[in-house]
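Here's the structure we're looking at; comments come further down.
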Amino acid sequence: MKFEKLYDIAFFFVIGCVIGATTIELKSNKKEKKYIIEHLDTLTTRIDTTYITKEDLENKRVIVGGTFCSAKNTINIYYIKPKDTAQKTINYCNAVNKQIRYVKVHELEHAKKANLVENPHFFLPKTRAKIAAQNEIIAPAAEIIAALDLSYITKAKPANMRWFIKNAYNEMSQTLKKQPRPIDLNKQEVADIIIKHSLLFFLSEVKRGSYIGTIKREYNRIPNDFYYPPIDNCNIKQRIEFKPHLDEWAPLWQFNTKQGDVNIWNTASDKQKSILLNSIDSLVTKITGKQR
């Protein structure tokens, strides 16, 4: 096994915490034709340190890279440091810390989409669980897009990509090898690859035990647990378009990029979207033990 693959075995991202955030509004600006994140000045980012040992790696302890806490409207980023002098530990920490760029992107995407996912009280339990799953898929999608943004700026292949980002980038390069660069985010093939590899990452994390508790929690929550944001803090247009009970997920797949605003959901093929929806439906049924 290559050592860079070992880095990714234990390193993943979690959004945890409690429902009840300061809602971040995505508001349409017709002049600029892009979505602007309002109230971003109220979002706090904190840097903390996590110490790990050789035994942590050997025991495949889950190392948390970052969290978005909706209740405190805070992103926490964790810098990993070795607690021993084992070269294995040192190499792991060095490799993971080079990926902090993607940690920030991942957690910020959760914050951007909080206005959609943090107030699902009017949806049925299985739909709420599906929202939770989709929320954990659009964040790694944002990481892939961040790598493409970096490539767009530097005109070169990005370094220090996580395994699923690298796989997505390589597949795009192979699929579009005869087409001009940079990689166009508005192409259906690109949207399909982004969804495909974001889903594969999510399913690999679920297999390791991640996100199961999140999905169960959202399925079993009672109305009193939900946060009801004031109406002027919600983007009405996005809420109208967001219909997860009808499998209309476009607002959740809207991204700001160096190439402009893109909507991966609207661009992707029906086939790839069906794969995603069927995978989530099957997974939620398996985790909750419920068909509805």
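A note on labels: chains of the structure tokens are A, B, ... as shown, every chain counts residues from 1, and ligands are counted from 1 in their shown order.
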
task = Just list the residues in segment 38-128 of chain A DSSP gives helix (DSSP H, G or I) on the backbone, as a VMD selection string.
result = chain A and resid 40 to 42 54 to 58 87 to 97 100 to 112 114 to 117 125 to 128

List every residue of segment 16-260 of chain A that DSSP, applied to the backbone of this structure, assigns to strand (DSSP E or B), and report them as a PDB file with C-alpha atoms, in the first residue's frame.
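Now in out-v5.pdb:
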ATOM      1  CA  LEU A  26     -27.297  32.657  -0.469  1.00  0.00           C
ATOM      2  CA  LYS A  27     -28.815  35.610  -2.268  1.00  0.00           C
ATOM      3  CA  SER A  28     -29.048  36.170  -6.014  1.00  0.00           C
ATOM      4  CA  ASN A  29     -27.393  39.293  -7.323  1.00  0.00           C
ATOM      5  CA  LYS A  34     -23.849  35.001  -8.964  1.00  0.00           C
ATOM      6  CA  TYR A  35     -24.749  33.867  -5.477  1.00  0.00           C
ATOM      7  CA  ILE A  36     -23.310  35.930  -2.668  1.00  0.00           C
ATOM      8  CA  ILE A  37     -22.970  34.571   0.843  1.00  0.00           C
ATOM      9  CA  THR A  44     -16.092  32.121  12.974  1.00  0.00           C
ATOM     10  CA  THR A  45     -13.141  29.924  12.001  1.00  0.00           C
ATOM     11  CA  ARG A  46     -10.997  28.426  14.750  1.00  0.00           C
ATOM     12  CA  ILE A  47      -7.719  26.557  14.452  1.00  0.00           C
ATOM     13  CA  ASP A  48      -6.969  23.843  17.004  1.00  0.00           C
ATOM     14  CA  THR A  49      -4.361  21.109  17.377  1.00  0.00           C
ATOM     15  CA  THR A  50      -4.840  17.357  17.561  1.00  0.00           C
ATOM     16  CA  TYR A  51      -1.988  15.130  18.718  1.00  0.00           C
ATOM     17  CA  ILE A  52      -1.707  11.592  17.413  1.00  0.00           C
ATOM     18  CA  ILE A  63      -8.720  11.613  12.853  1.00  0.00           C
ATOM     19  CA  VAL A  64     -11.103  14.540  12.481  1.00  0.00           C
ATOM     20  CA  GLY A  66     -12.558  19.776  10.642  1.00  0.00           C
ATOM     21  CA  THR A  67     -16.094  20.415  11.828  1.00  0.00           C
ATOM     22  CA  PHE A  68     -18.867  22.890  11.177  1.00  0.00           C
ATOM     23  CA  CYS A  69     -20.902  23.590  14.321  1.00  0.00           C
ATOM     24  CA  THR A  74     -18.292  28.105  13.753  1.00  0.00           C
ATOM     25  CA  ILE A  75     -15.849  26.161  11.623  1.00  0.00           C
ATOM     26  CA  ASN A  76     -13.152  24.287  13.517  1.00  0.00           C
ATOM     27  CA  ILE A  77      -9.974  23.282  11.671  1.00  0.00           C
ATOM     28  CA  TYR A  78      -7.610  20.789  13.305  1.00  0.00           C
ATOM     29  CA  TYR A  79      -3.864  20.916  12.751  1.00  0.00           C
ATOM     30  CA  ILE A  80      -2.403  17.442  13.306  1.00  0.00           C
ATOM     31  CA  LYS A  81       0.831  17.042  15.278  1.00  0.00           C
ATOM     32  CA  PRO A  82       2.817  13.905  16.212  1.00  0.00           C
ATOM     33  CA  LYS A 243     -37.834  20.025  -3.065  1.00  0.00           C
ATOM     34  CA  GLU A 248     -35.284  18.077  -6.766  1.00  0.00           C
ATOM     35  CA  GLN A 254     -25.075  25.177  -6.585  1.00  0.00           C
ATOM     36  CA  PHE A 255     -21.405  26.202  -6.303  1.00  0.00           C
ATOM     37  CA  ASN A 256     -19.379  29.389  -6.636  1.00  0.00           C
ATOM     38  CA  THR A 257     -16.285  28.743  -8.769  1.00  0.00           C
ATOM     39  CA  GLY A 260     -18.618  31.452 -12.339  1.00  0.00           C
TER      40      GLY A 260
END

inquiry  = Set the distance at 9 Å and use only C-alpha atoms: which residues neighbour Asn220 of chain A once local chain neighbours fewer than 2 positions away are removed? I'd like the list as a PyMOL selection string.
reply    = chain A and resi 125+129+215-218+222+288

key: From A:Val103, A:Ile287, A:Ser173, A:Pro182, residue lying nearest Leu150 of chain A [only C-alpha atoms]   =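 Closest candidate: A:Pro182.
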
message = Env of Ser269 of chain A: 10 Å cut, atoms = only C-alpha atoms, seq-sep filter 6 positions within chain, self excluded. Answer as number ranges by chain.
response = A: 188-189, 191-192

Store the residues picked out above in a file with N, CA, C and O atoms, as an mmCIF file, in the first residue's frame.
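Listing of result-v9.cif after writing:
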data_model
loop_
_atom_site.group_PDB
_atom_site.id
_atom_site.type_symbol
_atom_site.label_atom_id
_atom_site.label_comp_id
_atom_site.auth_asym_id
_atom_site.auth_seq_id
_atom_site.Cartn_x
_atom_site.Cartn_y
_atom_site.Cartn_z
ATOM 1 N N GLN A 188 -21.421 18.047 -19.055
ATOM 2 C CA GLN A 188 -22.141 16.961 -18.382
ATOM 3 C C GLN A 188 -21.192 15.881 -17.876
ATOM 4 O O GLN A 188 -21.368 15.369 -16.761
ATOM 5 N N GLU A 189 -20.166 15.558 -18.659
ATOM 6 C CA GLU A 189 -19.208 14.532 -18.230
ATOM 7 C C GLU A 189 -18.521 14.923 -16.926
ATOM 8 O O GLU A 189 -18.268 14.086 -16.062
ATOM 9 N N ALA A 191 -19.700 17.068 -14.566
ATOM 10 C CA ALA A 191 -20.684 17.008 -13.475
ATOM 11 C C ALA A 191 -20.900 15.567 -13.017
ATOM 12 O O ALA A 191 -20.977 15.292 -11.819
ATOM 13 N N ASP A 192 -20.986 14.649 -13.965
ATOM 14 C CA ASP A 192 -21.182 13.233 -13.627
ATOM 15 C C ASP A 192 -20.013 12.693 -12.814
ATOM 16 O O ASP A 192 -20.200 11.952 -11.844
#

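Relative to atom CA of His197 of chain A, atom CA of Ala168 of chain A is found at 5.9 Å.
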
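When only C-alpha atoms are used to compute distances to Gln134 of chain A, the closest of the residues A:Glu205, A:Val117, A:Val262, A:Leu185 turns out to be A:Val117.
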
Close residues, Arg101 of chain A itself excluded, 12 Å, only C-alpha atoms, min 2 positions apart in chain, as a PyMOL selection string = chain A and resi 65-66+77-79+96-99+103-108+142-144+146-147+150+158-162
